[in-house]
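Enquirer: Input file: my_file33.csv. Contents: CSV, C-alpha atoms and all ligand atoms.
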chain,number,residue,atom,x,y,z
P,705,MET,CA,15.6,50.9,181.3
P,706,PRO,CA,19.0,51.4,183.0
P,707,ASP,CA,21.9,52.8,180.9
P,708,GLN,CA,23.8,49.6,180.9
P,709,TRP,CA,21.3,48.2,178.4
P,710,GLY,CA,21.9,51.2,176.1
P,711,SER,CA,23.9,49.8,173.2
P,712,ARG,CA,22.2,46.4,173.6
P,713,LEU,CA,18.9,48.0,173.0
P,714,ASP,CA,19.9,50.2,170.1
P,715,PRO,CA,19.1,47.7,167.3
P,716,TRP,CA,15.6,47.2,168.8
P,717,LEU,CA,14.8,50.9,168.8
P,718,ILE,CA,13.7,51.6,165.2
P,719,ASP,CA,11.6,54.6,164.5
P,720,GLU,CA,9.4,53.4,161.6
P,721,SER,CA,8.7,57.0,160.5
P,722,ASP,CA,12.3,57.2,159.3
P,723,PHE,CA,11.3,54.9,156.4
P,724,TYR,CA,9.2,57.6,154.8
P,725,GLU,CA,12.3,59.9,154.5
P,726,LEU,CA,13.9,57.3,152.2
P,727,GLU,CA,13.5,57.6,148.5
P,728,LYS,CA,16.0,55.2,147.0
P,729,HIS,CA,15.1,51.5,146.7
P,730,ALA,CA,18.4,50.4,148.2
P,731,ASP,CA,18.0,52.5,151.3
P,732,GLN,CA,14.4,51.2,151.8
P,733,MET,CA,15.6,47.6,151.5
P,734,ALA,CA,18.4,48.3,154.0
P,735,PHE,CA,15.8,49.8,156.4
P,736,LEU,CA,13.8,46.6,156.2
P,737,ILE,CA,16.9,44.5,157.0
P,738,ARG,CA,17.0,46.3,160.3
P,739,TYR,CA,13.8,44.4,161.1
P,740,ALA,CA,15.1,41.1,159.6
P,741,ILE,CA,18.0,41.0,162.0
P,742,LEU,CA,15.7,41.2,165.0
P,743,ALA,CA,14.7,37.6,164.2
P,744,PRO,CA,15.6,34.8,166.6
P,745,SER,CA,18.5,32.4,165.8
P,746,SER,CA,20.0,29.4,167.5
P,747,HIS,CA,22.5,30.6,170.2
P,748,ASN,CA,21.8,34.1,168.8
P,749,THR,CA,24.4,33.4,166.1
P,750,GLN,CA,22.6,35.5,163.5
P,751,PRO,CA,23.9,33.3,160.7
P,752,TRP,CA,22.7,35.5,157.8
P,753,SER,CA,23.8,38.3,155.5
P,754,PHE,CA,21.8,40.2,152.9
P,755,ARG,CA,22.5,41.8,149.6
P,756,VAL,CA,20.2,44.4,148.1
P,757,THR,CA,19.2,43.7,144.4
P,758,ARG,CA,17.1,45.5,141.9
P,759,ASP,CA,14.1,43.2,142.8
P,760,GLY,CA,14.5,43.0,146.6
P,761,VAL,CA,17.1,41.3,148.7
P,762,GLU,CA,19.1,38.1,148.6
P,763,VAL,CA,19.6,36.2,151.9
P,764,TYR,CA,22.9,34.3,152.4
P,765,PRO,CA,23.8,31.7,155.0
P,766,ASP,CA,26.8,32.7,157.1
P,767,TYR,CA,28.5,29.4,157.7
P,768,SER,CA,31.3,31.1,159.8
P,769,ARG,CA,28.6,31.3,162.5
P,770,ARG,CA,27.8,27.6,162.5
P,771,CYS,CA,27.2,25.6,165.7
P,772,THR,CA,29.0,22.4,164.5
P,773,VAL,CA,28.3,20.4,167.7
P,774,ALA,CA,24.7,21.2,168.5
P,775,ASP,CA,23.7,21.7,164.8
P,776,PRO,CA,26.1,19.6,162.7
P,777,SER,CA,23.7,19.4,159.7
P,778,ASP,CA,22.8,23.1,159.8
P,779,ARG,CA,19.1,22.4,160.5
P,780,GLU,CA,18.9,25.3,163.0
P,781,LEU,CA,21.0,27.5,160.9
P,782,LEU,CA,18.6,27.2,158.0
P,783,MET,CA,15.6,27.7,160.2
P,784,SER,CA,17.2,30.8,161.6
P,785,ILE,CA,17.6,32.1,158.0
P,786,GLY,CA,13.8,31.4,157.7
P,787,THR,CA,13.0,33.5,160.7
P,788,SER,CA,14.9,36.5,159.3
P,789,ILE,CA,13.0,36.1,156.0
P,790,THR,CA,9.7,36.3,157.8
P,791,ASN,CA,10.7,39.4,159.6
P,792,PHE,CA,11.8,41.0,156.3
P,793,CYS,CA,8.5,40.0,154.7
P,794,VAL,CA,6.4,41.3,157.6
P,795,ALA,CA,8.2,44.6,157.6
P,796,ALA,CA,8.0,44.8,153.8
P,797,ALA,CA,4.2,44.3,154.0
P,798,HIS,CA,3.9,47.0,156.7
P,799,PHE,CA,5.6,49.5,154.4
P,800,GLY,CA,3.5,48.7,151.4
P,801,PHE,CA,5.2,45.9,149.5
P,802,GLU,CA,4.1,42.5,148.5
P,803,PRO,CA,7.0,40.1,149.1
P,804,THR,CA,7.6,36.8,147.2
P,805,VAL,CA,10.2,34.3,148.4
P,806,LEU,CA,12.2,32.2,145.9
P,807,TYR,CA,14.5,29.5,147.3
P,808,GLN,CA,17.9,28.1,146.2
P,809,ASP,CA,18.6,24.5,147.3
P,810,ARG,CA,22.3,24.5,146.7
P,811,SER,CA,24.4,25.0,149.8
P,812,GLU,CA,27.4,27.1,148.6
P,813,GLN,CA,28.2,30.0,150.9
P,814,THR,CA,28.4,32.2,147.8
P,815,LEU,CA,24.9,31.4,146.7
P,816,PRO,CA,21.9,33.0,148.4
P,817,ALA,CA,19.6,30.7,150.3
P,818,ALA,CA,16.6,32.8,149.2
P,819,LEU,CA,15.7,35.8,147.1
P,820,ILE,CA,12.9,38.0,148.5
P,821,ALA,CA,11.4,39.9,145.6
P,822,VAL,CA,9.3,42.9,146.6
P,823,ARG,CA,6.7,44.9,144.5
P,824,GLU,CA,4.9,48.0,145.7
P,825,THR,CA,1.2,47.5,146.2
P,826,CYS,CA,-1.7,49.4,147.8
P,827,ALA,CA,-3.0,46.1,149.2
P,828,PRO,CA,-0.1,44.4,151.0
P,829,PRO,CA,-0.8,41.0,152.6
P,830,ALA,CA,-2.9,41.7,155.8
P,831,GLY,CA,-1.8,38.5,157.5
P,832,LEU,CA,1.8,39.7,157.4
P,833,ARG,CA,1.1,43.4,158.2
P,834,ARG,CA,-0.8,42.7,161.4
P,835,LEU,CA,2.3,41.0,162.9
P,836,PHE,CA,4.6,44.0,162.4
P,837,PRO,CA,4.3,45.5,165.9
P,838,ALA,CA,5.3,42.1,167.4
P,839,ILE,CA,8.8,42.2,165.7
P,840,GLN,CA,10.2,44.6,168.3
P,841,GLU,CA,8.2,43.0,171.1
P,842,ARG,CA,9.2,39.4,170.6
P,843,HIS,CA,11.7,37.9,173.0
P,844,THR,CA,12.4,34.3,174.0
P,845,ASN,CA,11.4,34.0,177.6
P,846,ARG,CA,12.9,31.2,179.7
P,847,VAL,CA,11.3,32.0,183.1
P,848,PRO,CA,8.7,29.5,184.6
P,849,PHE,CA,5.3,30.3,183.3
P,850,GLU,CA,2.1,30.8,185.4
P,851,PRO,CA,0.0,27.8,186.1
P,852,ARG,CA,-2.9,28.8,183.8
P,853,GLU,CA,-4.3,27.8,180.4
P,854,ILE,CA,-4.1,29.9,177.2
P,855,ASP,CA,-7.1,32.3,177.1
P,856,SER,CA,-9.9,31.0,174.8
P,857,SER,CA,-9.7,33.9,172.3
P,858,ALA,CA,-5.9,33.4,172.0
P,859,LEU,CA,-6.4,29.7,171.7
P,860,THR,CA,-8.9,30.2,168.8
P,861,GLU,CA,-6.3,32.3,166.9
P,862,LEU,CA,-3.6,29.8,167.7
P,863,ASN,CA,-5.7,26.9,166.5
P,864,GLU,CA,-6.5,28.7,163.3
P,865,PHE,CA,-2.7,29.3,162.7
P,866,VAL,CA,-1.9,25.7,163.4
P,867,GLY,CA,-4.7,24.5,161.1
P,868,SER,CA,-3.4,26.7,158.3
P,869,HIS,CA,0.3,25.7,158.8
P,870,SER,CA,-0.3,22.0,159.7
P,871,SER,CA,2.6,20.6,157.8
P,872,PHE,CA,5.0,22.8,159.9
P,873,VAL,CA,3.3,23.3,163.3
P,874,GLN,CA,1.3,21.2,165.6
P,875,PHE,CA,0.4,21.0,169.3
P,876,VAL,CA,1.7,18.1,171.5
P,877,VAL,CA,-1.5,16.7,172.9
P,878,PRO,CA,-1.8,17.2,176.7
P,879,GLY,CA,-1.8,13.4,177.2
P,880,ASP,CA,1.8,13.3,175.8
P,881,ARG,CA,3.1,16.1,178.0
P,882,ASP,CA,4.8,13.8,180.6
P,883,ARG,CA,6.4,11.7,177.9
P,884,ALA,CA,7.8,14.8,176.2
P,885,ALA,CA,9.1,16.1,179.6
P,886,ASP,CA,10.9,12.7,180.0
P,887,LEU,CA,12.5,13.0,176.6
P,888,ILE,CA,13.6,16.5,177.3
P,889,ALA,CA,15.2,15.5,180.6
P,890,ARG,CA,16.9,12.5,179.1
P,891,ALA,CA,18.2,14.6,176.2
P,892,ASP,CA,19.5,17.3,178.6
P,893,ARG,CA,21.6,14.6,180.4
P,894,VAL,CA,23.0,13.3,177.1
P,895,LEU,CA,23.9,16.7,175.7
P,896,MET,CA,25.4,18.1,178.8
P,897,ALA,CA,27.6,15.1,179.3
P,898,SER,CA,29.4,16.2,176.2
P,899,SER,CA,32.2,18.6,176.9
P,900,ALA,CA,32.2,19.7,173.2
P,901,PHE,CA,28.5,20.6,173.5
P,902,ARG,CA,29.0,22.5,176.7
P,903,GLY,CA,32.1,24.2,175.2
P,904,GLU,CA,30.2,25.4,172.2
P,905,LEU,CA,27.3,26.7,174.3
P,906,ALA,CA,29.7,28.5,176.6
P,907,GLY,CA,31.3,30.1,173.6
P,908,TRP,CA,28.0,31.9,172.8
P,909,LEU,CA,27.2,33.0,176.4
P,910,ARG,CA,27.8,36.7,177.1
P,911,SER,CA,27.9,39.0,180.0
P,912,ASN,CA,24.9,41.3,180.3
P,913,SER,CA,26.8,44.3,179.1
P,914,SER,CA,28.6,42.5,176.3
P,915,GLN,CA,29.3,44.7,173.2
P,916,THR,CA,29.8,41.8,170.7
P,917,GLY,CA,26.2,42.2,169.4
P,918,ASP,CA,25.6,38.4,169.3
P,919,GLY,CA,25.3,35.4,171.6
P,920,MET,CA,23.1,35.0,174.7
P,921,CYS,CA,23.4,37.3,177.7
P,922,ALA,CA,23.3,35.6,181.1
P,923,ASP,CA,20.1,37.4,182.1
P,924,GLY,CA,18.3,35.5,179.4
P,925,PHE,CA,18.9,32.4,181.5
P,926,GLY,CA,18.1,34.0,184.8
P,927,ILE,CA,21.8,34.1,185.8
P,928,PRO,CA,22.4,37.1,188.2
P,929,ASP,CA,24.9,39.7,186.9
P,930,PRO,CA,27.7,39.0,189.4
P,931,LEU,CA,27.7,35.3,188.4
P,932,ALA,CA,27.6,36.0,184.6
P,933,PRO,CA,31.4,36.2,184.0
P,934,ALA,CA,32.0,32.8,185.7
P,935,THR,CA,29.2,30.9,183.9
P,936,PRO,CA,31.0,29.9,180.7
P,937,TRP,CA,34.0,28.8,182.8
P,938,PHE,CA,31.7,26.7,185.0
P,939,LEU,CA,29.8,25.2,182.0
P,940,ARG,CA,33.1,24.2,180.3
P,941,ARG,CA,34.2,22.2,183.3
P,942,PHE,CA,31.1,20.7,184.9
P,943,ASP,CA,28.4,18.4,183.6
P,944,VAL,CA,25.3,20.2,184.5
P,945,GLY,CA,23.0,17.6,182.9
P,946,ALA,CA,21.2,16.6,186.0
P,947,LEU,CA,20.5,20.2,187.0
P,948,GLN,CA,19.3,21.1,183.5
P,949,ALA,CA,17.1,18.1,183.3
P,950,LYS,CA,15.4,18.9,186.6
P,951,HIS,CA,15.0,22.5,185.6
P,952,ASP,CA,13.5,21.8,182.1
P,953,ARG,CA,11.2,19.1,183.5
P,954,ALA,CA,9.7,21.6,185.9
P,955,LEU,CA,9.4,24.2,183.1
P,956,VAL,CA,7.5,21.8,180.9
P,957,GLU,CA,5.3,20.4,183.6
P,958,HIS,CA,4.0,23.9,184.4
P,959,CYS,CA,3.6,25.4,181.0
P,960,ALA,CA,0.3,25.8,179.2
P,961,GLY,CA,1.2,23.8,176.2
P,962,LEU,CA,3.9,22.4,173.9
P,963,ILE,CA,4.2,23.1,170.2
P,964,VAL,CA,6.3,21.1,167.8
P,965,VAL,CA,7.7,22.5,164.5
P,966,THR,CA,8.0,19.7,161.9
P,967,ALA,CA,9.5,19.6,158.4
P,968,GLU,CA,11.5,17.4,156.0
P,969,ASP,CA,15.2,17.7,156.5
P,970,ASP,CA,16.0,19.3,153.1
P,971,ARG,CA,17.3,22.9,152.9
P,972,VAL,CA,14.2,24.5,151.5
P,973,SER,CA,11.8,22.8,153.9
P,974,LEU,CA,14.0,23.9,156.8
P,975,ILE,CA,14.0,27.5,155.7
P,976,ARG,CA,10.3,27.4,155.2
P,977,ALA,CA,9.9,25.8,158.7
P,978,GLY,CA,11.9,28.8,160.1
P,979,GLU,CA,9.5,31.2,158.3
P,980,ALA,CA,6.5,29.4,159.9
P,981,LEU,CA,8.2,29.4,163.3
P,982,GLU,CA,8.7,33.1,163.2
P,983,MET,CA,5.1,33.7,162.1
P,984,LEU,CA,4.0,31.6,165.1
P,985,LEU,CA,6.4,33.5,167.5
P,986,LEU,CA,5.1,36.9,166.3
P,987,LEU,CA,1.5,35.7,166.6
P,988,LEU,CA,2.2,34.4,170.2
P,989,THR,CA,3.7,37.8,171.0
P,990,ARG,CA,0.7,39.7,169.6
P,991,LEU,CA,-1.5,37.5,171.7
P,992,GLY,CA,0.6,38.2,174.9
P,993,VAL,CA,1.7,34.6,175.1
P,994,GLN,CA,5.3,33.8,176.0
P,995,TYR,CA,7.4,30.9,174.7
P,996,SER,CA,10.8,29.3,175.0
P,997,PHE,CA,12.6,26.4,173.2
P,998,VAL,CA,13.0,22.9,174.7
P,999,ASN,CA,14.7,21.3,171.7
P,1000,SER,CA,17.1,19.0,173.4
P,1001,PRO,CA,15.4,15.7,172.2
P,1002,ILE,CA,15.7,16.8,168.6
P,1003,GLU,CA,19.5,17.2,169.0
P,1004,VAL,CA,19.9,13.5,170.0
P,1005,ASP,CA,19.1,11.2,167.1
P,1006,THR,CA,17.6,8.3,169.1
P,1007,LEU,CA,15.4,10.6,171.2
P,1008,ARG,CA,14.4,12.6,168.1
P,1009,SER,CA,13.0,9.3,166.7
P,1010,GLU,CA,11.1,8.7,169.9
P,1011,LEU,CA,9.6,12.2,169.8
P,1012,TRP,CA,8.7,11.7,166.1
P,1013,SER,CA,6.7,8.5,166.8
P,1014,MET,CA,5.0,10.3,169.7
P,1015,ILE,CA,3.8,13.2,167.7
P,1016,ARG,CA,2.6,10.9,164.8
P,1017,SER,CA,3.5,13.5,162.1
P,1018,PRO,CA,4.5,12.5,158.6
P,1019,HIS,CA,7.4,15.0,159.0
P,1020,PRO,CA,10.2,14.8,161.5
P,1021,PRO,CA,10.3,17.2,164.4
P,1022,GLN,CA,12.7,20.1,164.1
P,1023,LEU,CA,11.9,22.3,167.1
P,1024,LEU,CA,10.0,22.0,170.4
P,1025,LEU,CA,8.5,25.0,172.2
P,1026,ARG,CA,6.7,25.5,175.4
P,1027,ILE,CA,4.1,28.3,175.7
P,1028,GLY,CA,2.3,30.1,178.5
P,1029,TYR,CA,2.0,33.3,180.4
P,1030,ALA,CA,4.7,35.0,182.4
P,1031,THR,CA,4.7,38.2,184.5
P,1032,THR,CA,8.4,38.7,184.0
P,1033,VAL,CA,9.2,40.2,180.6
P,1034,ALA,CA,12.4,39.0,178.9
P,1035,ARG,CA,15.0,41.6,178.0
P,1036,PRO,CA,16.0,42.1,174.4
P,1037,GLN,CA,19.1,40.1,173.5
P,1038,PRO,CA,21.9,41.8,171.5
P,1039,ARG,CA,22.0,42.1,167.7
P,1040,ARG,CA,24.9,43.0,165.4
P,1041,ASP,CA,24.4,46.3,163.7
P,1042,ALA,CA,22.3,45.7,160.5
P,1043,ALA,CA,25.0,47.3,158.4
P,1044,THR,CA,27.4,44.5,159.3
P,1045,ALA,CA,24.9,42.0,157.9
P,1046,LEU,CA,24.7,43.9,154.6
P,1047,VAL,CA,26.8,42.6,151.7
P,1048,ARG,CA,27.6,45.3,149.2
F,1101,LIG,C1,16.2,27.6,165.2
F,1101,LIG,C2,16.3,28.0,166.6
F,1101,LIG,C3,16.7,27.1,167.6
F,1101,LIG,C4,16.8,27.6,169.0
F,1101,LIG,N1,17.1,26.7,169.9
F,1101,LIG,C5,17.1,27.1,171.2
F,1101,LIG,C6,17.3,26.1,172.3
F,1101,LIG,O1,17.5,24.9,172.0
F,1101,LIG,N2,17.3,26.6,173.6
F,1101,LIG,C7,17.1,27.9,173.9
F,1101,LIG,O2,17.1,28.2,175.0
F,1101,LIG,N3,16.8,28.8,172.9
F,1101,LIG,C8,16.8,28.4,171.6
F,1101,LIG,N4,16.6,29.3,170.6
F,1101,LIG,C9,16.4,30.7,171.0
F,1101,LIG,C10,17.6,31.6,170.8
F,1101,LIG,O3,18.6,31.3,171.7
F,1101,LIG,C11,17.2,33.1,170.8
F,1101,LIG,O4,16.4,33.3,169.7
F,1101,LIG,C12,18.4,34.0,170.7
F,1101,LIG,O5,19.2,33.9,171.9
F,1101,LIG,C13,17.9,35.5,170.6
F,1101,LIG,O6,17.1,35.8,171.6
F,1101,LIG,P1,15.6,36.4,171.3
F,1101,LIG,O7,14.8,35.3,170.7
F,1101,LIG,O8,15.1,36.8,172.6
F,1101,LIG,O9,15.7,37.5,170.3
F,1101,LIG,C14,16.5,28.9,169.3
F,1101,LIG,C15,16.1,29.8,168.3
F,1101,LIG,C16,16.0,29.4,166.9
F,1101,LIG,C17,15.6,30.3,165.9
Would you encode the structure as structure tokens?

Expert:
Amino acid sequence: MPDQWGSRLDPWLIDESDFYELEKHADQMAFLIRYAILAPSSHNTQPWSFRVTRDGVEVYPDYSRRCTVADPSDRELLMSIGTSITNFCVAAAHFGFEPTVLYQDRSEQTLPAALIAVRETCAPPAGLRRLFPAIQERHTNRVPFEPREIDSSALTELNEFVGSHSSFVQFVVPGDRDRAADLIARADRVLMASSAFRGELAGWLRSNSSQTGDGMCADGFGIPDPLAPATPWFLRRFDVGALQAKHDRALVEHCAGLIVVTAEDDRVSLIRAGEALEMLLLLLTRLGVQYSFVNSPIEVDTLRSELWSMIRSPHPPQLLLRIGYATTVARPQPRRDAATALVR
């Protein structure tokens, strides 16, 4: 890996053996938070902070990192909190703890969204533990996927997962693929026509060597390094909806499958949906299957309703993902240092 990725890679390079040098509970919890912050979040905003308590950790929403245009009701912010909770729980299980998550449904910034209580055990949950190696391997991959189906053994595991998380995760049936691609393309045009939407997105785009520790580096979108500095400027000025729609339609038409995350719109359901999402993403990673998000229809109310009637779920759609295989591996995106997410 070239040196220019050096500091961007640092948060991803955790030596797990360091944990066993730690004797104090607070230091152990701070170590687990290093895994929690590797979770995915919308626009890589990392809208979370953590406080170590006697029982475990409290997870707080960081509303200063809101995306008020793309995510006005904090749906994606809350799901992002959920993904970090899963990473924490998976790491806790790996290091011999049994985690229990308790939720808070009030929205004040000063109140934790959740408390993760941990208790030492000699039989930590195996379903969480087996996902641990995937935490440092998981990356959102936006390249076109190969034109091949999911292997049968991977599909069996995925079907089992979907079956046991059916209120949060379901496949879009192949017969609905074209309709979904249409909805995505239509939504891309609507969203990109908004200069406020483009401006917010541009504000979270970063050069590949950015030191801010957050946001999305240009290479995550296949933008070559020399063009990276001009991309936010271009995006702010030009409606790229037609281009985006064509691009996303092709991505969806050639992927192996689509998965929709569903949940009610209340805070606790959204956090739990985020937890289920990250379990799914870690499982996909363990199975060698790549994914990326094609959420645009969910960010446009009328199209979200169309998608909901298409998937025939009792719960509204919250996220849409495409899955498949890719030969190009995505690079790790930046993370803020775990210490900055720790509230004392
Ligand atoms: C709730 C949520 C919504 C997201 N929505 C999108 C999206 O609409 N489009 C997209 O390209 N990526 C989306 N992402 C992926 C993030 O941009 C990605 O997680 C972040 O940039 C960090 O990169 P990483 O996943 O490779 O660590 C979303 C992630 C989460 C958790």

Enquirer: Looking at only C-alpha atoms, which of P:Thr787, P:Ser1017, P:Thr757, P:Asn845 is the one that sits closest to Phe875 of chain P?

Expert: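 Once distances to Phe875 of chain P are computed over only C-alpha atoms, the minimum belongs to P:Ser1017.
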
Enquirer: Got a sec to check which residues lie within 9 Å of ligand LIG 1101 (chain F), using only C-alpha atoms and all ligand atoms, and send them as a ChimeraX atom specification?

Expert: /P:742-750,774,779-787,842-846,918-921,924-925,978,981-982,996-1000,1002-1003,1022-1025,1034-1039

Enquirer: Which value, in Å to one decimal, gives the distance between atom CA of Ala967 of chain P and atom CA of Cys771 of chain P?

Expert: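 Those two atoms sit 20.1 Å apart.
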
Enquirer: Show me, as a list in words, the residues that have an atom within 12 Å of Leu717 of chain P when counting all atoms listed in the file, minus same-chain residues fewer than 2 positions from it.

Expert: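 The residues that qualify are Trp709, Gly710, Ser711, Arg712, Leu713, Asp714, Pro715, Asp719, Glu720, Ser721, Asp722, Arg738, Tyr739, Leu742, Ile839, Gln840, Glu841, Pro1036, Pro1038, Arg1039 and Asp1041 of chain P.
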
Enquirer: Given all atoms listed in the file as the basis, pick out the residue of P:Ala934, P:Val805, P:Val964, P:Cys959 nearest to Ala821 of chain P.

Expert: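 Ranking P:Ala934, P:Val805, P:Val964, P:Cys959 by distance to Ala821 of chain P, first place goes to P:Val805.
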
Enquirer: In Å to one decimal, how far is atom CA of Phe836 of chain P from atom CA of Gly867 of chain P?

Expert: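 Calculated distance between atom CA of Gly867 of chain P and atom CA of Phe836 of chain P is 21.6 Å.
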
Enquirer: Separation of atom CA of Leu835 of chain P and atom CA of Val756 of chain P, in Å?

Expert: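 Computing the Euclidean distance for atom CA of Leu835 of chain P and atom CA of Val756 of chain P yields 23.5 Å.
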
Enquirer: Out of P:Val1004, P:Ala960, P:Leu985, P:Val763, which residue has the shortest atom-to-atom distance to Phe901 of chain P when counting only C-alpha atoms?

Expert: P:Val1004

Enquirer: With all atoms listed in the file as the basis for distance, which of P:Ala730, P:Ala885, P:Ile741, P:Leu859 is at the shortest distance from His958 of chain P?

Expert: P:Ala885
